[in-house]
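K.L.:
So here's my_file_30.txt, just compact mmCIF, C-alpha atoms and all ligand atoms:
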```
# COMPACT_ATOMS: atom_id res chain seq x y z
CA MET A 1 208.40 57.88 221.64
CA THR A 2 210.58 57.84 218.59
CA LEU A 3 214.29 58.48 218.80
CA ILE A 4 216.18 60.43 216.13
CA LEU A 5 219.95 60.61 215.72
CA ALA A 6 220.76 63.90 214.00
CA LEU A 7 223.79 65.34 212.21
CA GLU A 8 224.53 68.95 211.29
CA SER A 9 227.46 70.08 209.12
CA SER A 10 226.20 72.87 206.84
CA CYS A 11 228.68 75.52 207.93
CA ASP A 12 231.47 75.58 210.51
CA ASP A 13 229.82 73.69 213.37
CA SER A 14 230.00 69.92 213.55
CA ALA A 15 227.06 68.74 215.63
CA VAL A 16 225.30 65.52 216.64
CA ALA A 17 222.23 65.05 218.83
CA LEU A 18 219.88 62.36 220.00
CA VAL A 19 216.35 63.78 220.19
CA GLY A 20 213.07 62.17 221.25
CA SER A 21 209.67 62.93 219.77
CA ASP A 22 208.66 63.80 223.37
CA ARG A 23 210.98 66.86 223.10
CA GLN A 24 213.71 65.24 225.16
CA ILE A 25 217.30 65.86 224.13
CA LEU A 26 219.03 62.72 225.37
CA ALA A 27 222.49 63.99 224.46
CA GLN A 28 224.04 66.49 222.11
CA ALA A 29 227.42 67.90 221.18
CA VAL A 30 228.55 70.83 219.05
CA VAL A 31 232.16 71.38 218.05
CA GLY A 32 232.80 74.77 216.52
CA GLN A 33 235.74 75.38 214.21
CA ASN A 34 236.31 79.04 215.08
CA ASP A 35 240.03 78.62 215.73
CA ALA A 36 240.57 77.00 212.33
CA HIS A 37 238.79 79.79 210.44
CA ARG A 38 239.75 82.83 212.54
CA PRO A 39 243.02 83.60 210.72
CA PHE A 40 240.97 83.99 207.52
CA GLY A 41 238.30 86.25 209.05
CA GLY A 42 235.49 83.97 207.86
CA VAL A 43 234.60 80.37 207.10
CA VAL A 44 236.83 78.63 204.54
CA PRO A 45 234.61 75.94 202.93
CA GLU A 46 237.41 73.46 202.24
CA ILE A 47 238.71 73.67 205.81
CA ALA A 48 235.17 73.25 207.16
CA ALA A 49 234.49 70.13 205.07
CA ARG A 50 237.76 68.50 206.11
CA ALA A 51 237.08 69.29 209.77
CA HIS A 52 233.62 67.66 209.59
CA VAL A 53 235.29 64.48 208.27
CA GLU A 54 237.54 64.45 211.32
CA ILE A 55 235.00 65.47 213.97
CA LEU A 56 231.58 63.97 213.14
CA PRO A 57 232.20 60.21 213.62
CA GLY A 58 233.67 60.78 217.08
CA LEU A 59 230.70 62.95 218.03
CA VAL A 60 228.27 60.21 216.99
CA ARG A 61 230.06 57.78 219.27
CA GLN A 62 230.20 60.33 222.11
CA VAL A 63 226.49 61.21 221.94
CA LEU A 64 225.36 57.57 221.82
CA HIS A 65 227.65 56.76 224.74
CA GLU A 66 226.39 59.69 226.84
CA ALA A 67 222.78 58.71 226.26
CA ASP A 68 223.61 55.03 226.75
CA ILE A 69 221.79 54.19 223.53
CA ALA A 70 222.94 51.66 220.93
CA ILE A 71 222.77 52.84 217.33
CA GLY A 72 220.31 50.02 216.57
CA GLU A 73 217.83 51.52 219.06
CA VAL A 74 217.29 54.75 217.12
CA ASP A 75 214.20 54.97 214.91
CA ALA A 76 215.68 57.15 212.17
CA ILE A 77 218.75 59.12 211.16
CA ALA A 78 218.29 62.81 210.32
CA ALA A 79 220.99 64.76 208.53
CA THR A 80 221.18 68.28 207.14
CA ALA A 81 221.01 67.96 203.35
CA GLY A 82 221.34 71.71 202.62
CA PRO A 83 221.41 74.60 202.13
CA GLY A 84 224.96 75.41 203.08
CA LEU A 85 228.59 74.94 202.13
CA ILE A 86 228.28 71.95 199.83
CA GLY A 87 231.44 70.11 200.94
CA GLY A 88 230.36 70.09 204.57
CA VAL A 89 226.76 69.21 203.73
CA MET A 90 228.01 66.22 201.71
CA VAL A 91 230.12 64.99 204.61
CA GLY A 92 227.29 65.06 207.17
CA LEU A 93 224.68 63.70 204.78
CA LEU A 94 226.94 60.83 203.78
CA VAL A 95 227.67 59.96 207.42
CA GLY A 96 223.88 59.92 207.90
CA LYS A 97 223.34 57.70 204.88
CA GLY A 98 226.03 55.30 206.04
CA LEU A 99 224.48 55.02 209.49
CA ALA A 100 220.96 54.58 208.08
CA LEU A 101 222.23 51.88 205.74
CA SER A 102 224.19 50.04 208.40
CA VAL A 103 221.28 49.75 210.86
CA ASP A 104 218.56 49.61 208.19
CA LYS A 105 216.66 52.61 209.55
CA PRO A 106 215.04 55.43 207.55
CA LEU A 107 216.97 58.52 206.54
CA ILE A 108 215.45 61.99 206.94
CA ALA A 109 217.09 64.68 204.81
CA VAL A 110 216.50 67.90 206.74
CA ASN A 111 216.56 71.40 205.31
CA HIS A 112 218.81 73.37 207.66
CA LEU A 113 216.39 76.30 207.47
CA GLU A 114 213.54 74.04 208.54
CA GLY A 115 215.73 73.05 211.49
CA HIS A 116 215.87 76.72 212.52
CA ALA A 117 212.20 77.27 211.66
CA LEU A 118 210.86 74.42 213.81
CA SER A 119 213.43 74.79 216.63
CA PRO A 120 211.14 76.90 218.88
CA ARG A 121 208.64 74.04 218.95
CA LEU A 122 211.26 71.84 220.60
CA VAL A 123 211.14 74.03 223.70
CA ASP A 124 207.72 75.72 223.46
CA ARG A 125 204.84 73.24 223.65
CA LYS A 126 202.34 76.05 223.23
CA LEU A 127 203.67 77.06 219.83
CA ASP A 128 201.23 75.77 217.22
CA PHE A 129 201.10 76.37 213.47
CA PRO A 130 200.78 78.81 211.84
CA TYR A 131 203.34 81.35 213.06
CA LEU A 132 205.24 84.25 211.60
CA LEU A 133 208.97 83.54 211.64
CA LEU A 134 211.82 86.00 211.40
CA LEU A 135 214.70 83.76 210.35
CA ALA A 136 217.96 85.65 210.74
CA SER A 137 221.20 83.73 210.36
CA GLY A 138 224.60 83.99 208.72
CA GLY A 139 223.24 83.14 205.29
CA HIS A 140 219.58 84.21 205.47
CA CYS A 141 217.21 86.92 206.52
CA GLN A 142 213.60 86.07 205.78
CA LEU A 143 210.08 86.47 207.06
CA LEU A 144 208.11 83.27 206.61
CA GLU A 145 204.64 82.14 207.47
CA VAL A 146 205.20 78.68 208.92
CA ARG A 147 201.99 76.78 208.17
CA GLY A 148 203.14 73.28 209.04
CA VAL A 149 205.98 70.83 208.58
CA GLY A 150 207.33 71.36 205.07
CA ASP A 151 204.76 74.12 204.44
CA TYR A 152 206.17 77.64 204.21
CA ARG A 153 205.12 80.91 202.61
CA ARG A 154 207.91 83.42 202.24
CA LEU A 155 206.72 86.97 202.84
CA ALA A 156 210.09 88.69 202.55
CA THR A 157 213.81 88.19 202.13
CA THR A 158 216.99 90.23 201.99
CA ILE A 159 217.85 91.87 198.71
CA ASP A 160 221.57 91.76 199.50
CA ASP A 161 223.33 90.64 202.70
CA ALA A 162 221.97 88.39 205.43
CA ALA A 163 221.64 89.90 208.92
CA GLY A 164 224.33 87.68 210.45
CA GLU A 165 226.60 88.48 207.53
CA ALA A 166 226.10 92.18 208.32
CA PHE A 167 227.12 91.54 211.94
CA ASP A 168 230.18 89.62 210.77
CA LYS A 169 231.20 92.38 208.34
CA ALA A 170 230.66 95.14 210.91
CA ALA A 171 232.79 93.13 213.35
CA LYS A 172 235.58 92.83 210.80
CA LEU A 173 235.48 96.60 210.17
CA LEU A 174 235.74 97.15 213.92
CA GLY A 175 238.71 94.80 214.12
CA LEU A 176 236.80 92.21 216.14
CA ALA A 177 237.43 88.49 215.90
CA TYR A 178 235.27 86.09 213.89
CA PRO A 179 232.42 85.19 214.50
CA GLY A 180 231.26 88.76 214.62
CA GLY A 181 227.75 88.64 216.08
CA PRO A 182 228.61 87.86 219.70
CA ALA A 183 231.66 90.19 219.53
CA VAL A 184 229.58 93.14 218.29
CA GLU A 185 226.94 92.46 220.92
CA ALA A 186 229.55 92.40 223.69
CA LEU A 187 231.17 95.66 222.51
CA ALA A 188 227.76 97.34 222.06
CA LYS A 189 227.04 96.92 225.78
CA ASP A 190 229.37 99.84 226.54
CA GLY A 191 228.20 102.01 223.66
CA ASP A 192 225.51 104.59 222.92
CA PRO A 193 223.05 103.30 220.28
CA ALA A 194 222.23 106.89 219.26
CA ALA A 195 225.82 108.13 218.93
CA VAL A 196 226.43 107.32 215.26
CA PRO A 197 223.88 108.25 212.57
CA LEU A 198 223.39 105.10 210.48
CA PRO A 199 220.75 104.31 207.82
CA ARG A 200 217.80 101.95 208.25
CA PRO A 201 217.63 100.51 204.71
CA LEU A 202 214.11 99.84 203.31
CA VAL A 203 212.39 100.91 206.53
CA GLY A 204 208.93 102.23 205.72
CA THR A 205 208.65 100.48 202.35
CA LYS A 206 205.51 98.50 201.57
CA GLU A 207 206.91 95.00 201.17
CA PRO A 208 208.74 93.76 204.28
CA HIS A 209 212.07 92.99 202.57
CA PHE A 210 215.49 93.61 204.12
CA SER A 211 218.72 95.22 202.97
CA PHE A 212 221.97 95.50 204.92
CA ALA A 213 224.63 96.34 202.33
CA GLY A 214 224.18 100.12 202.76
CA LEU A 215 224.39 99.78 206.52
CA LYS A 216 227.71 98.00 206.20
CA ALA A 217 229.02 100.76 203.93
CA ALA A 218 227.91 103.37 206.48
CA VAL A 219 229.73 101.50 209.25
CA GLN A 220 232.81 101.49 207.06
CA ARG A 221 232.59 105.29 206.68
CA ALA A 222 232.01 105.77 210.41
CA VAL A 223 235.11 103.69 211.22
CA ALA A 224 237.21 105.52 208.62
CA SER A 225 236.15 108.95 209.94
CA ASN A 226 237.89 108.29 213.28
CA GLN A 227 235.14 110.38 214.89
CA TYR A 228 233.47 107.68 216.94
CA ARG A 229 234.29 105.21 219.69
CA PRO A 230 234.13 101.58 218.50
CA GLU A 231 231.64 100.88 221.32
CA ASP A 232 229.32 103.56 219.94
CA ILE A 233 229.62 102.25 216.37
CA ALA A 234 228.82 98.72 217.57
CA ALA A 235 225.82 99.88 219.61
CA SER A 236 224.51 102.12 216.82
CA PHE A 237 224.92 99.36 214.25
CA GLN A 238 223.09 96.85 216.43
CA GLN A 239 220.29 99.36 217.01
CA ALA A 240 219.97 99.95 213.26
CA VAL A 241 219.59 96.21 212.64
CA VAL A 242 217.03 95.96 215.45
CA ASP A 243 215.06 98.90 214.00
CA CYS A 244 215.02 97.23 210.57
CA PHE A 245 213.85 93.95 212.11
CA VAL A 246 211.06 95.63 214.05
CA ASP A 247 209.78 97.75 211.15
CA ARG A 248 209.91 94.91 208.62
CA THR A 249 208.36 92.38 210.98
CA ARG A 250 205.59 94.84 211.90
CA ARG A 251 204.82 95.14 208.20
CA ALA A 252 204.78 91.34 207.83
CA LEU A 253 202.40 91.00 210.79
CA GLU A 254 199.90 93.00 208.72
CA LYS A 255 200.06 90.24 206.12
CA THR A 256 199.25 87.28 208.34
CA ASP A 257 196.72 86.34 211.01
CA ALA A 258 199.16 83.84 212.53
CA PRO A 259 198.70 84.09 216.30
CA SER A 260 202.41 83.77 217.14
CA LEU A 261 205.63 85.58 216.30
CA VAL A 262 208.86 83.63 216.39
CA VAL A 263 212.47 84.63 215.85
CA ALA A 264 215.14 82.01 215.15
CA GLY A 265 218.59 81.60 213.58
CA GLY A 266 221.96 82.69 214.92
CA VAL A 267 221.12 86.40 215.13
CA ALA A 268 218.17 85.54 217.41
CA ALA A 269 220.79 84.81 220.08
CA ASN A 270 221.22 88.60 220.33
CA ALA A 271 219.55 90.00 223.48
CA ALA A 272 218.59 93.34 221.89
CA VAL A 273 216.95 91.52 218.96
CA ARG A 274 215.06 89.20 221.29
CA SER A 275 213.67 91.92 223.53
CA ALA A 276 212.67 94.23 220.66
CA LEU A 277 210.71 91.48 218.91
CA GLN A 278 209.13 90.35 222.15
CA GLN A 279 207.90 93.90 222.63
CA LEU A 280 206.57 94.00 219.05
CA ALA A 281 204.66 90.75 219.59
CA LYS A 282 203.16 92.14 222.80
CA GLU A 283 202.04 95.34 221.06
CA ASN A 284 200.36 93.26 218.38
CA GLY A 285 198.71 90.76 220.73
CA ARG A 286 200.71 87.79 219.45
CA HIS A 287 202.26 84.97 221.40
CA PHE A 288 206.07 85.31 221.28
CA SER A 289 208.58 82.51 221.12
CA VAL A 290 212.34 82.49 220.77
CA PRO A 291 214.59 79.49 221.40
CA PRO A 292 217.38 79.74 224.00
CA GLY A 293 220.66 81.08 222.57
CA TRP A 294 222.31 77.67 222.15
CA LEU A 295 219.35 76.55 220.03
CA CYS A 296 219.48 79.71 217.86
CA THR A 297 223.02 79.16 216.62
CA ASP A 298 223.78 76.03 214.62
CA ASN A 299 223.25 72.77 216.47
CA ALA A 300 222.00 69.24 215.79
CA ALA A 301 219.14 69.24 218.31
CA MET A 302 217.11 71.41 215.91
CA ILE A 303 217.88 68.98 213.07
CA GLY A 304 216.79 66.10 215.29
CA TRP A 305 213.57 67.89 216.20
CA ALA A 306 212.79 68.72 212.56
CA GLY A 307 213.55 65.05 211.87
CA ALA A 308 211.11 63.98 214.58
CA GLU A 309 208.40 66.25 213.15
CA ARG A 310 208.99 64.92 209.65
CA PHE A 311 209.13 61.30 210.86
CA ALA A 312 205.77 61.76 212.60
CA ALA A 313 204.36 63.08 209.31
CA GLY A 314 205.68 60.04 207.41
CA MET A 315 208.29 62.10 205.58
CA THR A 316 211.41 59.97 205.13
CA ASP A 317 213.85 60.06 202.24
CA ASP A 318 215.41 57.77 199.72
CA LEU A 319 219.13 57.05 200.20
CA ALA A 320 219.71 58.72 196.83
CA VAL A 321 218.59 62.11 198.19
CA PRO A 322 221.05 64.82 197.02
CA ALA A 323 223.06 67.35 199.02
CA ARG A 324 221.95 70.85 198.05
CA ALA A 325 223.91 74.10 198.29
CA ARG A 326 220.67 76.03 197.69
CA TRP A 327 217.31 74.88 199.00
CA PRO A 328 214.61 77.48 199.61
CA LEU A 329 211.86 76.67 202.13
CA ASP A 330 209.29 78.23 199.84
CA PRO A 331 210.30 77.32 196.28
CA ALA A 332 207.42 79.45 194.99
CA GLY A 333 208.84 82.57 196.68
CA GLU A 334 209.20 85.26 194.04
CA LYS A 335 212.61 86.47 193.00
CA VAL A 336 213.11 89.85 194.61
CA ARG A 337 214.59 92.66 192.57
CA GLY A 338 218.12 93.27 193.78
CA ALA A 339 218.31 89.85 195.47
CA GLY A 340 221.76 88.47 194.80
CA VAL A 341 223.40 85.10 195.07
CA LYS A 342 222.79 84.36 198.75
CA ALA A 343 221.53 80.82 199.31
O1 LIG A 401 222.28 80.15 212.39
P1 LIG A 401 223.75 80.33 212.45
O2 LIG A 401 224.49 79.75 213.63
O3 LIG A 401 224.44 79.79 211.17
C1 LIG A 401 223.86 79.91 209.90
O4 LIG A 401 222.98 79.08 209.58
O5 LIG A 401 224.21 80.89 209.22
O6 LIG A 401 224.01 81.90 212.37
C2 LIG A 401 225.31 82.40 212.43
C3 LIG A 401 225.23 83.91 212.37
C4 LIG A 401 226.61 84.55 212.28
O7 LIG A 401 226.57 85.52 211.26
C5 LIG A 401 226.78 85.17 213.65
O8 LIG A 401 227.61 86.33 213.64
C6 LIG A 401 225.36 85.50 214.03
O9 LIG A 401 224.61 84.42 213.55
N1 LIG A 401 225.21 85.61 215.48
C7 LIG A 401 224.87 86.74 216.13
C8 LIG A 401 224.93 86.45 217.51
N2 LIG A 401 225.31 85.15 217.66
C9 LIG A 401 225.48 84.65 216.40
N3 LIG A 401 224.52 87.95 215.65
C10 LIG A 401 224.23 88.90 216.56
N4 LIG A 401 224.29 88.72 217.90
C11 LIG A 401 224.64 87.52 218.42
N5 LIG A 401 224.70 87.34 219.73
ZN ZN A 402 222.00 78.05 210.75
```
Here is a file; write its structure as structure tokens.
Ligand code: KG4
Ligand code: ZN

P.N.:
Amino acid sequence: MTLILALESSCDDSAVALVGSDRQILAQAVVGQNDAHRPFGGVVPEIAARAHVEILPGLVRQVLHEADIAIGEVDAIAATAGPGLIGGVMVGLLVGKGLALSVDKPLIAVNHLEGHALSPRLVDRKLDFPYLLLLASGGHCQLLEVRGVGDYRRLATTIDDAAGEAFDKAAKLLGLAYPGGPAVEALAKDGDPAAVPLPRPLVGTKEPHFSFAGLKAAVQRAVASNQYRPEDIAASFQQAVVDCFVDRTRRALEKTDAPSLVVAGGVAANAAVRSALQQLAKENGRHFSVPPGWLCTDNAAMIGWAGAERFAAGMTDDLAVPARARWPLDPAGEKVRGAGVKA
């Protein structure tokens, strides 16, 4: 068994975990910074980076203490090296480099997206490569064929907003607190998903890409019209996103023989999303896997697991490895017309 100490700091969660190659999580801790960012209605990069400086070292100590493991006993240090808010990524990566240097153990620079992509394998022993992955988070919305560690083929991406970003914007329009996803989901429970007519952008088109900007604009109009209950807008919005996910993922399933369908990333914590994709997998005779909610949103256990998978494959990194604001899983993925600046 190899033991990986992992750090995550790419957005507004400071997280540390100690993960074994036998899929054991010996200890982990996540400290969110919601209170610090809430007054601004979104994550302020500078505040996030400063908070990681204050929080991460204490979390390392706490996790090692809880697991009763000395830092010298770990086999490697894994740290998120991107993509994300560059200040925060630099903080976590540099803590990782310092630890690796001090105990003379290898460093593994983990792509945050690979953390999400491999996270279901931490809890699902039956999930083998290849699988089709719907990766839906605050910064990304992609369909990827996961062929192996470090081996991805992107089938589709969003041409404008990410899915989580759409949830966050809809929440803001509805006057809900940041972060928006869980707030919209909670409000939607008391709403009628058919009450508000909202568009399903790109549904029915040949390539399985996503678009959410028009949906956000439609939510804005629905709110401004004062015709609908907020509960109904939330439920109708969530249903529209689910319908887009199902249609686009169905299209992607036609492009791959991968025996499993997986959904991961923060938006995969949403119960309506989970059950709709489970149903789609069933209809298409594919094995379905989704991590538990705490493993969908940002955490360090997924970085530790990706680190363990990379370590097993002999993939360690030089201490000079850079922090990267942008870092696609499939660098060969074609630029999509209309795709904007999202990392
Ligand atoms: O993966 P993640 O924690 O961070 C990124 O890598 O971006 O994803 C965060 C995103 C946020 O946009 C958040 O609103 C969304 O995931 N999210 C949800 C839910 N929980 C988190 N969206 C819908 N329903 C949820 N329950
Ligand atoms: Zn994430």

K.L.:
Between CA of Gly84 (chain A) and CA of Cys11 (chain A), what is the distance, to one decimal in Å?

P.N.:
6.1 Å

K.L.:
Using all atoms listed in the file, what are the residues with an atom within 8 Å of ligand LIG 401 (chain A), set out as a PDB file with C-alpha atoms, keeping the file's coordinate frame?

P.N.:
```pdb
ATOM      1  CA  SER A  10     226.200  72.870 206.840  1.00  0.00           C
ATOM      2  CA  CYS A  11     228.680  75.520 207.930  1.00  0.00           C
ATOM      3  CA  GLY A  84     224.960  75.410 203.080  1.00  0.00           C
ATOM      4  CA  HIS A 112     218.810  73.370 207.660  1.00  0.00           C
ATOM      5  CA  LEU A 113     216.390  76.300 207.470  1.00  0.00           C
ATOM      6  CA  HIS A 116     215.870  76.720 212.520  1.00  0.00           C
ATOM      7  CA  ALA A 136     217.960  85.650 210.740  1.00  0.00           C
ATOM      8  CA  SER A 137     221.200  83.730 210.360  1.00  0.00           C
ATOM      9  CA  GLY A 138     224.600  83.990 208.720  1.00  0.00           C
ATOM     10  CA  GLY A 139     223.240  83.140 205.290  1.00  0.00           C
ATOM     11  CA  HIS A 140     219.580  84.210 205.470  1.00  0.00           C
ATOM     12  CA  ALA A 162     221.970  88.390 205.430  1.00  0.00           C
ATOM     13  CA  ALA A 163     221.640  89.900 208.920  1.00  0.00           C
ATOM     14  CA  GLY A 164     224.330  87.680 210.450  1.00  0.00           C
ATOM     15  CA  GLU A 165     226.600  88.480 207.530  1.00  0.00           C
ATOM     16  CA  ALA A 166     226.100  92.180 208.320  1.00  0.00           C
ATOM     17  CA  PHE A 167     227.120  91.540 211.940  1.00  0.00           C
ATOM     18  CA  ASP A 168     230.180  89.620 210.770  1.00  0.00           C
ATOM     19  CA  TYR A 178     235.270  86.090 213.890  1.00  0.00           C
ATOM     20  CA  PRO A 179     232.420  85.190 214.500  1.00  0.00           C
ATOM     21  CA  GLY A 180     231.260  88.760 214.620  1.00  0.00           C
ATOM     22  CA  GLY A 181     227.750  88.640 216.080  1.00  0.00           C
ATOM     23  CA  PRO A 182     228.610  87.860 219.700  1.00  0.00           C
ATOM     24  CA  ALA A 183     231.660  90.190 219.530  1.00  0.00           C
ATOM     25  CA  VAL A 184     229.580  93.140 218.290  1.00  0.00           C
ATOM     26  CA  GLU A 185     226.940  92.460 220.920  1.00  0.00           C
ATOM     27  CA  ALA A 264     215.140  82.010 215.150  1.00  0.00           C
ATOM     28  CA  GLY A 265     218.590  81.600 213.580  1.00  0.00           C
ATOM     29  CA  GLY A 266     221.960  82.690 214.920  1.00  0.00           C
ATOM     30  CA  VAL A 267     221.120  86.400 215.130  1.00  0.00           C
ATOM     31  CA  ALA A 268     218.170  85.540 217.410  1.00  0.00           C
ATOM     32  CA  ALA A 269     220.790  84.810 220.080  1.00  0.00           C
ATOM     33  CA  ASN A 270     221.220  88.600 220.330  1.00  0.00           C
ATOM     34  CA  ALA A 271     219.550  90.000 223.480  1.00  0.00           C
ATOM     35  CA  VAL A 273     216.950  91.520 218.960  1.00  0.00           C
ATOM     36  CA  GLY A 293     220.660  81.080 222.570  1.00  0.00           C
ATOM     37  CA  CYS A 296     219.480  79.710 217.860  1.00  0.00           C
ATOM     38  CA  THR A 297     223.020  79.160 216.620  1.00  0.00           C
ATOM     39  CA  ASP A 298     223.780  76.030 214.620  1.00  0.00           C
ATOM     40  CA  ASN A 299     223.250  72.770 216.470  1.00  0.00           C
TER      41      ASN A 299
END
```

K.L.:
Please provide as a ChimeraX atom specification all residues within 9 Å of Val103 (chain A), with the sequence filter that same-chain residues fewer than 2 positions apart are discarded (counting all atoms listed in the file).

P.N.:
/A:71-72,74,98-101,105

K.L.:
Which polymer residues have any atom within 8 Å of an atom of Ala300 (chain A), counting all atoms listed in the file, with same-chain residues fewer than 5 positions away left out, as a PDB file with C-alpha atoms, in the coordinates of the input?

P.N.:
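Saved result, out-v7.pdb, follows:
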```
ATOM      1  CA  ALA A   6     220.760  63.900 214.000  1.00  0.00           C
ATOM      2  CA  LEU A   7     223.790  65.340 212.210  1.00  0.00           C
ATOM      3  CA  GLU A   8     224.530  68.950 211.290  1.00  0.00           C
ATOM      4  CA  ALA A  15     227.060  68.740 215.630  1.00  0.00           C
ATOM      5  CA  VAL A  16     225.300  65.520 216.640  1.00  0.00           C
ATOM      6  CA  ALA A  17     222.230  65.050 218.830  1.00  0.00           C
ATOM      7  CA  GLN A  28     224.040  66.490 222.110  1.00  0.00           C
ATOM      8  CA  ALA A  29     227.420  67.900 221.180  1.00  0.00           C
ATOM      9  CA  VAL A  30     228.550  70.830 219.050  1.00  0.00           C
TER      10      VAL A  30
END
```

K.L.:
Would you mind listing what lies within 10 Å of Pro57 (chain A) as a ChimeraX atom specification, with all atoms listed in the file counted and same-chain residues fewer than 5 positions away left out?

P.N.:
/A:7,14,16,52,62,92,95

K.L.:
Excluding region 121-123 of chain A and its own-chain neighbours fewer than 3 positions away, which residues fall within 6 Å of it when counting only C-alpha atoms? Please give them as a list in words.

P.N.:
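Contacts, in chain order: Arg23, Leu118 and Leu127 of chain A.
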
K.L.:
Could you check the closest approach to ligand ZN 402 (chain A) for each of A:Tyr131, A:Ala117, A:Arg248, A:Leu187 and tell me which residue wins, using all atoms listed in the file?

P.N.:
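Once distances to ligand ZN 402 (chain A) are computed over all atoms listed in the file, the minimum belongs to A:Ala117.
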
K.L.:
Just give me the gap between CA of Thr80 (chain A) and CA of Phe129 (chain A) in Å, one decimal is fine.

P.N.:
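Between these atoms lies a distance of 22.6 Å.
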
K.L.:
Between A:Ala234, A:Val336, A:Ile303, A:Ala51, which residue has the minimum interatomic distance to ligand ZN 402 (chain A), considering all atoms listed in the file?

P.N.:
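Closest residue, counting all atoms listed in the file: A:Ile303.
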
K.L.:
Could you list, as a PyMOL selection string, every residue within 9 Å of Asp12 (chain A), counting only C-alpha atoms and ignoring same-chain residues fewer than 2 positions away?

P.N.:
chain A and resi 9-10+14+31-34+37+43-45+47-49+51-52+85+88+298

K.L.:
What does the distance from atom ZN of ligand ZN 402 (chain A) to CA of Asp160 (chain A) come to in Å, to one decimal?

P.N.:
17.7 Å

K.L.:
Nearest to ligand ZN 402 (chain A) among A:Met1, A:Leu215, A:Val223, A:Leu135, with distances taken over all atoms listed in the file: which residue is it?

P.N.:
A:Leu135

K.L.:
Quick one: of A:Pro331, A:Pro130, A:Pro201, A:Gly314, who's nearest to Arg286 (chain A), counting all atoms listed in the file?

P.N.:
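Closest residue, counting all atoms listed in the file: A:Pro130.
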